[in-house]
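Colleague: For reference, this is final-v4.txt, and it has compact mmCIF, C-alpha atoms.
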# COMPACT_ATOMS: atom_id res chain seq x y z
CA ALA M 119 -189.77 -21.96 -108.96
CA GLU M 120 -188.98 -25.41 -107.62
CA SER M 121 -185.50 -24.26 -106.61
CA GLU M 122 -186.97 -21.29 -104.72
CA ALA M 123 -189.38 -23.61 -102.89
CA TRP M 124 -186.52 -25.88 -101.78
CA ASP M 125 -184.59 -22.82 -100.61
CA ARG M 126 -187.58 -21.79 -98.48
CA TYR M 127 -187.90 -25.29 -97.05
CA ALA M 128 -184.19 -25.37 -96.19
CA SER M 129 -184.38 -21.96 -94.53
CA LEU M 130 -187.48 -23.02 -92.58
CA MET M 131 -185.81 -26.24 -91.44
CA LEU M 132 -182.71 -24.34 -90.33
CA ASN M 133 -184.76 -21.83 -88.34
CA PHE M 134 -186.79 -24.62 -86.74
CA THR M 135 -183.62 -26.50 -85.77
CA VAL M 136 -182.05 -23.41 -84.19
CA VAL M 137 -185.20 -22.54 -82.24
CA SER M 138 -185.66 -26.15 -81.13
CA ALA M 139 -182.06 -26.41 -79.91
CA LEU M 140 -182.40 -23.12 -78.05
CA MET M 141 -185.59 -24.27 -76.33
CA GLN M 142 -183.97 -27.56 -75.31
CA GLN M 143 -181.01 -25.71 -73.77
CA LEU M 144 -183.36 -23.41 -71.85
CA VAL M 145 -185.38 -26.37 -70.53
CA ALA M 146 -182.19 -28.22 -69.53
CA ALA M 147 -180.85 -25.15 -67.71
CA TRP M 148 -184.17 -24.71 -65.89
CA CYS M 149 -184.22 -28.38 -64.81
CA ILE M 150 -180.65 -28.24 -63.52
CA GLN M 151 -181.28 -25.03 -61.60
CA ASP M 152 -184.50 -26.41 -60.13
CA ALA M 153 -182.73 -29.60 -59.00
CA LEU M 154 -179.90 -27.62 -57.38
CA GLU M 155 -182.36 -25.39 -55.51
CA SER M 156 -184.62 -28.22 -54.32
CA ARG M 157 -181.72 -30.48 -53.28
CA ASN M 158 -179.25 -27.82 -52.22
CA ALA M 159 -178.51 -29.33 -48.80
CA GLU M 160 -177.90 -32.78 -50.26
CA VAL M 161 -175.60 -31.47 -52.97
CA THR M 162 -173.53 -29.19 -50.72
CA ARG M 163 -173.26 -31.23 -47.52
CA PRO M 164 -169.71 -32.41 -46.72
CA LEU M 165 -168.99 -36.15 -47.00
CA GLN M 166 -166.21 -38.21 -45.43
CA LYS M 167 -165.34 -39.84 -48.75
CA ASN M 168 -164.74 -36.42 -50.30
CA ILE M 169 -162.36 -35.07 -47.65
CA GLN M 170 -159.29 -35.48 -49.88
CA LEU M 171 -161.07 -33.79 -52.79
CA ASP M 172 -162.18 -30.95 -50.50
CA TRP M 173 -158.59 -30.59 -49.31
CA ILE M 174 -157.34 -30.36 -52.90
CA ASP M 175 -159.92 -27.67 -53.67
CA PHE M 176 -158.95 -25.78 -50.51
CA CYS M 177 -155.24 -25.92 -51.44
CA ARG M 178 -155.98 -24.73 -54.95
CA ASN M 179 -157.99 -21.79 -53.68
CA GLU M 180 -155.26 -20.87 -51.22
CA SER M 181 -152.62 -21.13 -53.94
CA ASP M 182 -154.64 -18.94 -56.32
CA SER M 183 -155.09 -16.23 -53.70
CA CYS M 184 -151.63 -16.39 -52.15
CA TRP M 185 -150.26 -13.47 -54.16
CA THR M 186 -151.64 -10.70 -56.32
CA VAL M 187 -149.80 -8.46 -58.76
CA ARG M 188 -149.18 -5.07 -57.21
CA TRP M 189 -147.47 -2.12 -58.84
CA ARG M 190 -145.31 -1.46 -55.78
CA ASP M 191 -143.78 -4.95 -56.02
CA PHE M 192 -141.83 -3.93 -59.13
CA GLY M 193 -138.70 -1.81 -59.12
CA CYS M 194 -138.22 1.34 -61.15
CA PHE M 195 -136.47 -0.54 -63.96
CA LEU M 196 -139.32 -3.06 -64.40
CA LYS M 197 -141.88 -0.27 -64.22
CA PHE M 198 -140.02 1.54 -67.01
CA ILE M 199 -139.94 -1.64 -69.12
CA PHE M 200 -143.67 -2.15 -68.63
CA ILE M 201 -144.57 1.42 -69.59
CA PHE M 202 -142.11 1.38 -72.50
CA GLY M 203 -143.57 -1.85 -73.90
CA LEU M 204 -147.12 -0.58 -73.45
CA THR M 205 -146.27 2.66 -75.24
CA LEU M 206 -144.68 0.78 -78.13
CA GLU M 207 -147.71 -1.47 -78.62
CA VAL M 208 -150.12 1.48 -78.57
CA PHE M 209 -147.92 3.46 -80.96
CA VAL M 210 -147.68 0.58 -83.45
CA ALA M 211 -151.44 -0.06 -83.29
CA GLN M 212 -152.17 3.61 -83.98
CA MET M 213 -149.63 3.72 -86.79
CA PHE M 214 -151.15 0.67 -88.49
CA TYR M 215 -154.67 2.05 -88.08
CA TRP M 216 -154.14 5.63 -89.22
CA GLY M 217 -151.36 4.95 -91.73
CA SER M 218 -152.44 1.62 -93.18
CA GLY M 219 -151.96 2.94 -96.72
CA SER M 220 -148.32 3.78 -96.02
CA CYS M 221 -147.68 0.48 -94.23
CA PHE M 222 -149.46 -2.09 -96.36
CA GLY M 223 -149.97 -2.61 -100.06
CA GLU M 224 -152.98 -3.98 -101.88
CA PHE M 225 -153.55 -7.26 -103.66
CA ALA M 226 -156.96 -8.16 -105.02
CA VAL M 227 -158.21 -11.72 -105.04
CA SER M 228 -158.59 -11.55 -108.80
CA ASP M 229 -154.96 -10.41 -109.35
CA ASP M 230 -152.37 -12.77 -110.81
CA ILE M 231 -150.63 -14.69 -108.02
CA ASP M 232 -147.32 -14.41 -109.88
CA THR M 233 -147.37 -10.64 -109.35
CA LEU M 234 -147.68 -10.97 -105.57
CA VAL M 235 -144.84 -9.27 -103.68
CA PHE M 236 -144.69 -9.63 -99.91
CA VAL M 237 -141.99 -7.09 -98.95
CA GLY M 238 -141.05 -3.88 -100.66
CA SER M 239 -142.44 -0.55 -101.76
CA ASP M 240 -144.89 -2.35 -104.06
CA GLY M 241 -145.47 -5.32 -101.73
CA LEU M 242 -147.96 -6.16 -99.03
CA LEU M 243 -145.53 -5.12 -96.29
CA LYS M 244 -143.85 -1.79 -96.85
CA MET M 245 -140.91 -0.45 -94.85
CA PRO M 246 -143.08 1.34 -92.21
CA ALA M 247 -144.93 -1.95 -91.63
CA LEU M 248 -141.65 -3.81 -91.11
CA MET M 249 -140.49 -1.15 -88.67
CA GLY M 250 -143.83 -1.38 -86.84
CA LEU M 251 -143.57 -5.16 -86.58
CA GLY M 252 -140.05 -4.79 -85.19
CA LEU M 253 -141.22 -2.31 -82.57
CA SER M 254 -144.13 -4.59 -81.72
CA MET M 255 -141.74 -7.50 -81.16
CA LEU M 256 -139.67 -5.27 -78.89
CA GLY M 257 -142.81 -4.47 -76.91
CA PHE M 258 -143.55 -8.19 -76.66
CA VAL M 259 -140.08 -8.76 -75.23
CA CYS M 260 -140.88 -6.17 -72.55
CA TYR M 261 -144.06 -8.05 -71.65
CA TRP M 262 -142.09 -11.31 -71.58
CA ILE M 263 -139.64 -9.83 -69.08
CA ILE M 264 -142.50 -8.65 -66.86
CA GLY M 265 -144.16 -12.07 -67.15
CA LYS M 266 -140.98 -13.85 -66.03
CA ARG M 267 -140.72 -11.52 -63.01
CA VAL M 268 -144.37 -12.11 -62.10
CA GLY M 269 -143.87 -15.87 -62.43
CA MET M 270 -140.83 -15.77 -60.16
CA LEU M 271 -142.66 -13.82 -57.46
CA ARG M 272 -145.65 -16.11 -57.72
CA ARG M 273 -143.53 -19.26 -57.41
CA VAL M 274 -141.99 -17.93 -54.20
CA ALA M 275 -145.45 -17.19 -52.76
CA GLU M 276 -146.79 -20.59 -53.86
CA ARG M 277 -143.82 -22.38 -52.27
CA ASP M 278 -144.40 -20.59 -48.97
CA THR M 279 -148.12 -21.36 -49.16
CA SER M 280 -147.42 -25.03 -49.92
CA GLU M 281 -145.15 -25.35 -46.88
CA ARG M 282 -147.79 -23.73 -44.68
CA LEU M 283 -150.51 -26.00 -46.00
CA GLN M 284 -148.46 -29.13 -45.42
CA ALA M 285 -148.21 -28.27 -41.73
CA TYR M 286 -151.92 -27.41 -41.64
CA GLU M 287 -153.23 -30.48 -43.53
CA SER M 288 -153.85 -32.81 -40.58
CA ILE M 289 -155.58 -30.07 -38.56
CA TRP M 290 -157.78 -29.11 -41.51
CA LYS M 291 -158.80 -32.69 -42.24
CA GLU M 292 -159.65 -33.37 -38.59
CA ALA M 293 -161.88 -30.29 -38.53
CA ARG M 294 -163.41 -31.33 -41.83
CA LEU M 295 -164.10 -34.81 -40.50
CA ARG M 296 -165.91 -33.39 -37.50
CA LEU M 297 -168.00 -31.25 -39.84
CA CYS M 298 -168.85 -34.32 -41.94
CA LEU M 299 -169.93 -36.27 -38.84
CA GLN M 300 -172.12 -33.38 -37.71
CA ALA M 301 -173.68 -33.23 -41.17
CA GLU M 302 -174.38 -36.97 -41.14
CA LYS M 303 -176.08 -36.76 -37.75
CA ALA M 304 -178.25 -33.89 -38.96
CA TRP M 305 -179.17 -35.70 -42.18
CA PRO M 306 -181.78 -35.73 -43.59
CA PRO M 307 -182.80 -32.18 -42.66
CA PRO M 308 -186.44 -31.40 -41.87
CA ARG M 309 -188.46 -30.77 -45.02
CA SER M 310 -189.50 -27.39 -43.68
CA GLN M 311 -185.83 -26.37 -43.72
CA GLY M 312 -184.02 -26.04 -46.99
CA GLY M 313 -180.95 -25.40 -44.93
CA HIS M 314 -177.52 -25.04 -46.43
CA ILE M 315 -174.74 -26.84 -44.57
CA PRO M 316 -171.58 -24.71 -44.74
CA MET M 317 -168.59 -26.06 -46.61
CA GLU M 318 -165.92 -24.32 -44.52
Reformat the file's structure so that it appears as structure tokens.

Modeller:
Amino acid sequence: AESEAWDRYASLMLNFTVVSALMQQLVAAWCIQDALESRNAEVTRPLQKNIQLDWIDFCRNESDSCWTVRWRDFGCFLKFIFIFGLTLEVFVAQMFYWGSGSCFGEFAVSDDIDTLVFVGSDGLLKMPALMGLGLSMLGFVCYWIIGKRVGMLRRVAERDTSERLQAYESIWKEARLRLCLQAEKAWPPPRSQGGHIPME
């Protein structure tokens, strides 16, 4: 009886801790959201000391959006590799799911470890499983080839974007500085306006 009482106390303490932690997270999220809404203009207004950081963020956004993967950017051979690899992966997954008994053996936790056989007709991995793993590796190689091609195309686009941004940096920072000066002159905003000063 005493053991059951301690079990109840432990379960009660665990439930109380979980609920308490959840409530604290909800209160913290509400406080953060309330602060961001009430001080939105102060948090988002551009500052002169942050011009370099804003420029880094701008360059990162431009680099991330400089190129997107499009099906028409790949030749017929790469398209075939992609479809072939996809078909192999789906085939192997279906084979392992529907034919798990023919692919894998059984070994209970209570069985003698000395009787464990990894590969073979009586092992954990039977011949169909080995063939499936080989086909899966071949499909992975197809994905690797596509990934290398995507990386090459992206590097070319990022290099072109970097060269364009280098020529644009001084113009962007001058425009950003003017925006910062305008924000400083307009600060603090009237309390009746919760205005948002644009970042761009």

Colleague: How far is it from CA of Gln170 in chain M to CA of Ala153 in chain M, in Å with one decimal?

Modeller: 25.8 Å

Colleague: One number please: CA of Arg282 in chain M to CA of Ile263 in chain M, in Å, one decimal.

Modeller: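 Taking CA of Arg282 in chain M and CA of Ile263 in chain M, their separation equals 29.2 Å.
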
Colleague: For CA of Lys303 in chain M and CA of Thr162 in chain M, determine how far apart the two atoms are, in Å to one decimal place.

Modeller: 15.2 Å

Colleague: List as a ChimeraX atom specification the protein and nucleic acid residues near range 285-289 of chain M, meaning an atom at most 9 Å away when all atoms listed in the file are counted, but skip any in the same chain fewer than 5 places from it.

Modeller: /M:173,280,294

Colleague: Can you pull out every residue within 9 Å of range 178-194 of chain M, counting only C-alpha atoms, but drop anything in the same chain fewer than 2 positions away, and send it as a list in words?

Modeller: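 In the requested format, the answer is Trp173, Ile174, Asp175, Phe176, Leu196, Lys197, Phe198, Ile199, Arg267, Val268, Leu271, Arg272, Ala275, Glu276, Asp278, Thr279, Ser280 and Leu283 of chain M.
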
Colleague: Show me, as a ChimeraX atom specification, the residues that have an atom within 8 Å of range 231-248 of chain M when counting only C-alpha atoms, minus same-chain residues fewer than 6 positions from it.

Modeller: /M:214,220-225
